[in-house]
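Okay, so here's the structure we're looking at.
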Amino acid sequence: MKSANRLVYIIGFMGSGKSTAGRKLAASLKWAFLDLDRKIEEHAGKTIPDIFRTEGEDGFRKIEAEVLKKTGALKDTVIAAGGGTPCHGDNMDYMLGTGLTIYLKMTPDQLTKRLLDSSGERPLIKDIPDNKLQDFIEEKLADREKWYGRAKITYEGFSVNISLLNTLVKENFNI
C-alpha cells in the first residue's frame, strides 16, 4: 500500500478494544494516536451521550462523518474509530481509500463479557437489560459484519498481539 500519510483505522464492535490496541500500536510504531470518539466530543463541545440525547443518532453520525473526513490530512496516525463508524454513509469507503483498516473481531460472548461492566456509558446499550445484551450484540454484530468484513486485515481474538499488528502495518506500508 502506497500512502504518503500512512493512516491506520482500527475498527470493530464496541468493547472490542479499539482504543487500547490503537494506543499500543501507535506507541510501538512511534506514531500519533487519535480516538475518533474523543475528537467528536472535542468538535461538538459535548460528550457522546449528550450528542445522542440532544441530536439523536442521526445527528451524531453526521458529526462523526465530518470529523472522520478531517483525519485524511493526518500523517503517521493510528485512529480508533467508533463501533458504528464504518457502517454509516461512505465512512468505510473513506477509510479504505485513505489508510489501512484493521478489524478487531470478537465473538458475541466475548463482547458481552466486556460490555456488561460498561453498558451505562454507551448510548446504544444503556437501556438494554443485562439478560438481553448478548441478543442485542449478536443481532447488531451480524448487521455490521458486512462493513467490518471489508477491512484489509481482520484480527481475531480476545487479546491483541501488538508486535504482530506492528509487523502487518509495516508490511502494508513498505516500511
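In the C-alpha cells, the first chain shown is A, the next is B, and so on; residue numbers restart at 1 for each chain, and ligands run from 1 in the order shown.
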
task: as a PyMOL selection string, please: all residues of segment 29-132 of chain A that backbone DSSP puts in helix (DSSP H, G or I).
output: chain A and resi 29+36-44+48-73+85-87+91-98+108-115+119-121+130-132

message: I need the strand (DSSP E) residues of chain A per DSSP on the backbone, written as a list of chain:residue names.
response: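 Of chain A, only A:Leu7, A:Val8, A:Tyr9, A:Ile10, A:Ile11, A:Ala32, A:Phe33, A:Leu34, A:Asp35, A:Thr77, A:Val78, A:Ile79, A:Ala80, A:Leu100, A:Thr101, A:Ile102, A:Tyr103, A:Leu104, A:Lys105, A:Ile153, A:Thr154, A:Tyr155, A:Glu156 fall in strand (DSSP E).
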
Written selection (N, CA and C atoms) as a PDB file, in the first residue's frame:
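Output contents, as saved in out-v7.pdb:
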ATOM      1  N   LEU A   7      -2.074   6.174   7.408  1.00  0.00           N
ATOM      2  CA  LEU A   7      -3.102   6.134   8.437  1.00  0.00           C
ATOM      3  C   LEU A   7      -3.543   4.692   8.657  1.00  0.00           C
ATOM      4  N   VAL A   8      -3.788   4.344   9.917  1.00  0.00           N
ATOM      5  CA  VAL A   8      -4.322   3.031  10.270  1.00  0.00           C
ATOM      6  C   VAL A   8      -5.621   3.279  11.032  1.00  0.00           C
ATOM      7  N   TYR A   9      -6.704   2.676  10.546  1.00  0.00           N
ATOM      8  CA  TYR A   9      -8.004   2.773  11.203  1.00  0.00           C
ATOM      9  C   TYR A   9      -8.296   1.449  11.894  1.00  0.00           C
ATOM     10  N   ILE A  10      -8.497   1.488  13.210  1.00  0.00           N
ATOM     11  CA  ILE A  10      -8.872   0.304  13.972  1.00  0.00           C
ATOM     12  C   ILE A  10     -10.396   0.321  14.081  1.00  0.00           C
ATOM     13  N   ILE A  11     -11.038  -0.736  13.574  1.00  0.00           N
ATOM     14  CA  ILE A  11     -12.495  -0.813  13.613  1.00  0.00           C
ATOM     15  C   ILE A  11     -12.931  -2.079  14.341  1.00  0.00           C
ATOM     16  N   ALA A  32       1.365   8.956  16.020  1.00  0.00           N
ATOM     17  CA  ALA A  32       0.332   9.601  16.828  1.00  0.00           C
ATOM     18  C   ALA A  32      -0.865   8.653  16.973  1.00  0.00           C
ATOM     19  N   PHE A  33      -1.665   8.891  17.997  1.00  0.00           N
ATOM     20  CA  PHE A  33      -2.908   8.146  18.199  1.00  0.00           C
ATOM     21  C   PHE A  33      -4.063   9.121  18.290  1.00  0.00           C
ATOM     22  N   LEU A  34      -5.181   8.756  17.659  1.00  0.00           N
ATOM     23  CA  LEU A  34      -6.387   9.577  17.733  1.00  0.00           C
ATOM     24  C   LEU A  34      -7.577   8.678  18.013  1.00  0.00           C
ATOM     25  N   ASP A  35      -8.308   9.008  19.070  1.00  0.00           N
ATOM     26  CA  ASP A  35      -9.555   8.308  19.381  1.00  0.00           C
ATOM     27  C   ASP A  35     -10.667   9.135  18.754  1.00  0.00           C
ATOM     28  N   THR A  77      -0.554   8.133  11.766  1.00  0.00           N
ATOM     29  CA  THR A  77      -1.505   8.162  12.866  1.00  0.00           C
ATOM     30  C   THR A  77      -2.334   6.879  12.894  1.00  0.00           C
ATOM     31  N   VAL A  78      -2.529   6.349  14.084  1.00  0.00           N
ATOM     32  CA  VAL A  78      -3.443   5.232  14.311  1.00  0.00           C
ATOM     33  C   VAL A  78      -4.724   5.833  14.870  1.00  0.00           C
ATOM     34  N   ILE A  79      -5.848   5.506  14.232  1.00  0.00           N
ATOM     35  CA  ILE A  79      -7.136   6.079  14.592  1.00  0.00           C
ATOM     36  C   ILE A  79      -8.075   4.973  15.060  1.00  0.00           C
ATOM     37  N   ALA A  80      -8.562   5.091  16.292  1.00  0.00           N
ATOM     38  CA  ALA A  80      -9.570   4.159  16.800  1.00  0.00           C
ATOM     39  C   ALA A  80     -10.929   4.743  16.434  1.00  0.00           C
ATOM     40  N   LEU A 100      -5.051   2.078   6.060  1.00  0.00           N
ATOM     41  CA  LEU A 100      -5.131   0.638   6.306  1.00  0.00           C
ATOM     42  C   LEU A 100      -6.184   0.399   7.381  1.00  0.00           C
ATOM     43  N   THR A 101      -7.130  -0.499   7.114  1.00  0.00           N
ATOM     44  CA  THR A 101      -8.182  -0.804   8.086  1.00  0.00           C
ATOM     45  C   THR A 101      -7.901  -2.150   8.746  1.00  0.00           C
ATOM     46  N   ILE A 102      -8.021  -2.174  10.066  1.00  0.00           N
ATOM     47  CA  ILE A 102      -7.816  -3.390  10.844  1.00  0.00           C
ATOM     48  C   ILE A 102      -9.070  -3.620  11.682  1.00  0.00           C
ATOM     49  N   TYR A 103      -9.700  -4.759  11.469  1.00  0.00           N
ATOM     50  CA  TYR A 103     -10.915  -5.140  12.196  1.00  0.00           C
ATOM     51  C   TYR A 103     -10.545  -6.027  13.370  1.00  0.00           C
ATOM     52  N   LEU A 104     -10.828  -5.577  14.585  1.00  0.00           N
ATOM     53  CA  LEU A 104     -10.640  -6.393  15.790  1.00  0.00           C
ATOM     54  C   LEU A 104     -11.921  -7.196  15.989  1.00  0.00           C
ATOM     55  N   LYS A 105     -11.877  -8.443  15.606  1.00  0.00           N
ATOM     56  CA  LYS A 105     -13.066  -9.304  15.608  1.00  0.00           C
ATOM     57  C   LYS A 105     -13.135 -10.124  16.887  1.00  0.00           C
ATOM     58  N   ILE A 153      -7.346  -6.003   7.024  1.00  0.00           N
ATOM     59  CA  ILE A 153      -6.837  -7.018   7.958  1.00  0.00           C
ATOM     60  C   ILE A 153      -7.921  -7.304   8.995  1.00  0.00           C
ATOM     61  N   THR A 154      -8.166  -8.583   9.230  1.00  0.00           N
ATOM     62  CA  THR A 154      -9.063  -8.992  10.315  1.00  0.00           C
ATOM     63  C   THR A 154      -8.213  -9.694  11.357  1.00  0.00           C
ATOM     64  N   TYR A 155      -8.284  -9.198  12.584  1.00  0.00           N
ATOM     65  CA  TYR A 155      -7.546  -9.792  13.689  1.00  0.00           C
ATOM     66  C   TYR A 155      -8.553 -10.380  14.657  1.00  0.00           C
ATOM     67  N   GLU A 156      -8.524 -11.703  14.800  1.00  0.00           N
ATOM     68  CA  GLU A 156      -9.472 -12.380  15.684  1.00  0.00           C
ATOM     69  C   GLU A 156      -8.821 -12.690  17.009  1.00  0.00           C
TER      70      GLU A 156
END

- request: Determine the nearest neighbour of Ile125 of chain A from the options A:Gly22, A:Pro49, A:Gly17, A:Gly72, counting only C-alpha atoms.
  value: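 Counting only C-alpha atoms, the residue closest to Ile125 of chain A is A:Pro49.
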
- request: Determine, counting only C-alpha atoms, which protein, DNA and RNA residues have an atom within 8 Å of an atom of segment 159-169 of chain A; residues of the same chain fewer than 2 positions away are not included. Present the result as a ChimeraX atom specification.
  value: /A:8,21,24-25,28-29,100,155,157,171-173

Written file, previous selection with N, CA and C atoms, as a PDB file, in the first residue's frame:
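The new file result_29.pdb reads:
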ATOM      1  N   VAL A   8      -3.788   4.344   9.917  1.00  0.00           N
ATOM      2  CA  VAL A   8      -4.322   3.031  10.270  1.00  0.00           C
ATOM      3  C   VAL A   8      -5.621   3.279  11.032  1.00  0.00           C
ATOM      4  N   ALA A  21      -5.887  -1.071  21.908  1.00  0.00           N
ATOM      5  CA  ALA A  21      -4.976  -1.605  20.889  1.00  0.00           C
ATOM      6  C   ALA A  21      -4.393  -0.474  20.049  1.00  0.00           C
ATOM      7  N   LYS A  24      -1.595   1.317  21.922  1.00  0.00           N
ATOM      8  CA  LYS A  24      -0.397   0.465  21.989  1.00  0.00           C
ATOM      9  C   LYS A  24       0.280   0.347  20.627  1.00  0.00           C
ATOM     10  N   LEU A  25      -0.521   0.199  19.569  1.00  0.00           N
ATOM     11  CA  LEU A  25       0.048   0.100  18.219  1.00  0.00           C
ATOM     12  C   LEU A  25       0.740   1.405  17.849  1.00  0.00           C
ATOM     13  N   SER A  28       4.028   1.611  19.587  1.00  0.00           N
ATOM     14  CA  SER A  28       5.030   0.686  19.036  1.00  0.00           C
ATOM     15  C   SER A  28       5.568   1.173  17.692  1.00  0.00           C
ATOM     16  N   LEU A  29       4.736   1.904  16.944  1.00  0.00           N
ATOM     17  CA  LEU A  29       5.161   2.453  15.650  1.00  0.00           C
ATOM     18  C   LEU A  29       5.825   3.824  15.797  1.00  0.00           C
ATOM     19  N   LEU A 100      -5.051   2.078   6.060  1.00  0.00           N
ATOM     20  CA  LEU A 100      -5.131   0.638   6.306  1.00  0.00           C
ATOM     21  C   LEU A 100      -6.184   0.399   7.381  1.00  0.00           C
ATOM     22  N   TYR A 155      -8.284  -9.198  12.584  1.00  0.00           N
ATOM     23  CA  TYR A 155      -7.546  -9.792  13.689  1.00  0.00           C
ATOM     24  C   TYR A 155      -8.553 -10.380  14.657  1.00  0.00           C
ATOM     25  N   GLY A 157      -9.570 -12.442  18.070  1.00  0.00           N
ATOM     26  CA  GLY A 157      -9.065 -12.837  19.371  1.00  0.00           C
ATOM     27  C   GLY A 157      -9.339 -11.825  20.452  1.00  0.00           C
ATOM     28  N   GLU A 171       4.478  -3.978   6.886  1.00  0.00           N
ATOM     29  CA  GLU A 171       4.440  -4.682   5.602  1.00  0.00           C
ATOM     30  C   GLU A 171       3.497  -3.983   4.621  1.00  0.00           C
ATOM     31  N   ASN A 172       2.345  -3.539   5.101  1.00  0.00           N
ATOM     32  CA  ASN A 172       1.369  -2.896   4.231  1.00  0.00           C
ATOM     33  C   ASN A 172       1.840  -1.539   3.717  1.00  0.00           C
ATOM     34  N   PHE A 173       2.646  -0.841   4.512  1.00  0.00           N
ATOM     35  CA  PHE A 173       3.145   0.474   4.086  1.00  0.00           C
ATOM     36  C   PHE A 173       4.581   0.403   3.572  1.00  0.00           C
TER      37      PHE A 173
END

message: Need to verify the contact set: Phe136 of chain A, 12 Å, only C-alpha atoms, exclusion of same-chain residues closer than 5 positions in sequence. Can you return it as a list of chain:residue names?
response: A:Phe13, A:Pro108, A:Asp109, A:Leu111, A:Thr112, A:Leu115, A:Leu124, A:Ile125, A:Lys126, A:Asp127, A:Ile128, A:Pro129, A:Asp130, A:Asn131, A:Leu141, A:Ala142, A:Asp143

Export C-alpha atoms of the chosen residues as an mmCIF file, in the first residue's frame?
data_model
loop_
_atom_site.group_PDB
_atom_site.id
_atom_site.type_symbol
_atom_site.label_atom_id
_atom_site.label_comp_id
_atom_site.auth_asym_id
_atom_site.auth_seq_id
_atom_site.Cartn_x
_atom_site.Cartn_y
_atom_site.Cartn_z
ATOM 1 C CA PHE A 13 -17.726 -3.576 17.690
ATOM 2 C CA PRO A 108 -20.711 -12.022 20.835
ATOM 3 C CA ASP A 109 -19.897 -13.922 24.045
ATOM 4 C CA LEU A 111 -18.111 -8.776 23.702
ATOM 5 C CA THR A 112 -20.947 -9.371 26.172
ATOM 6 C CA LEU A 115 -19.607 -4.731 27.872
ATOM 7 C CA LEU A 124 -26.591 2.296 22.163
ATOM 8 C CA ILE A 125 -26.776 -0.226 25.010
ATOM 9 C CA LYS A 126 -27.507 1.835 28.131
ATOM 10 C CA ASP A 127 -31.192 0.846 28.183
ATOM 11 C CA ILE A 128 -30.704 -2.846 27.374
ATOM 12 C CA PRO A 129 -31.089 -5.192 30.362
ATOM 13 C CA ASP A 130 -28.067 -7.400 31.084
ATOM 14 C CA ASN A 131 -30.010 -10.562 30.190
ATOM 15 C CA LEU A 141 -22.840 -7.607 15.001
ATOM 16 C CA ALA A 142 -24.499 -9.719 12.270
ATOM 17 C CA ASP A 143 -25.757 -6.500 10.667
#

Nearest candidate to Gly149 of chain A (options A:Asp76, A:Cys87, A:Ser19, A:Arg38; using only C-alpha atoms): A:Cys87

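In this comparison, which uses only C-alpha atoms, the residue of A:Leu116, A:Val67, A:Ala26, A:Leu96 approaching His43 of chain A most closely is A:Val67.
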
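The closest residue to Pro86 of chain A, picked from A:Ile48, A:Lys39, A:Leu68, A:Thr20 and counting only C-alpha atoms, is A:Leu68.
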
field: atom CA of Phe158 of chain A to atom CA of Ala27 of chain A, distance in Å rounded to a single decimal
entry: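 It comes out at 20.1 Å.
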
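Among the candidates A:Trp147, A:Gly99, A:Phe60, A:Arg6, the residue lying nearest to Glu41 of chain A is A:Phe60 (atoms considered: only C-alpha atoms).
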
- request: Would you mind reading off the distance between atom CA of Leu74 of chain A and atom CA of Pro123 of chain A, one decimal, in Å?
  value: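 Separating atom CA of Leu74 of chain A from atom CA of Pro123 of chain A is a distance of 28.4 Å.
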
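Counting only C-alpha atoms, the residue from A:Gly15, A:Gly97, A:Gly56, A:Gly45 that sits nearest to Arg150 of chain A is A:Gly97.
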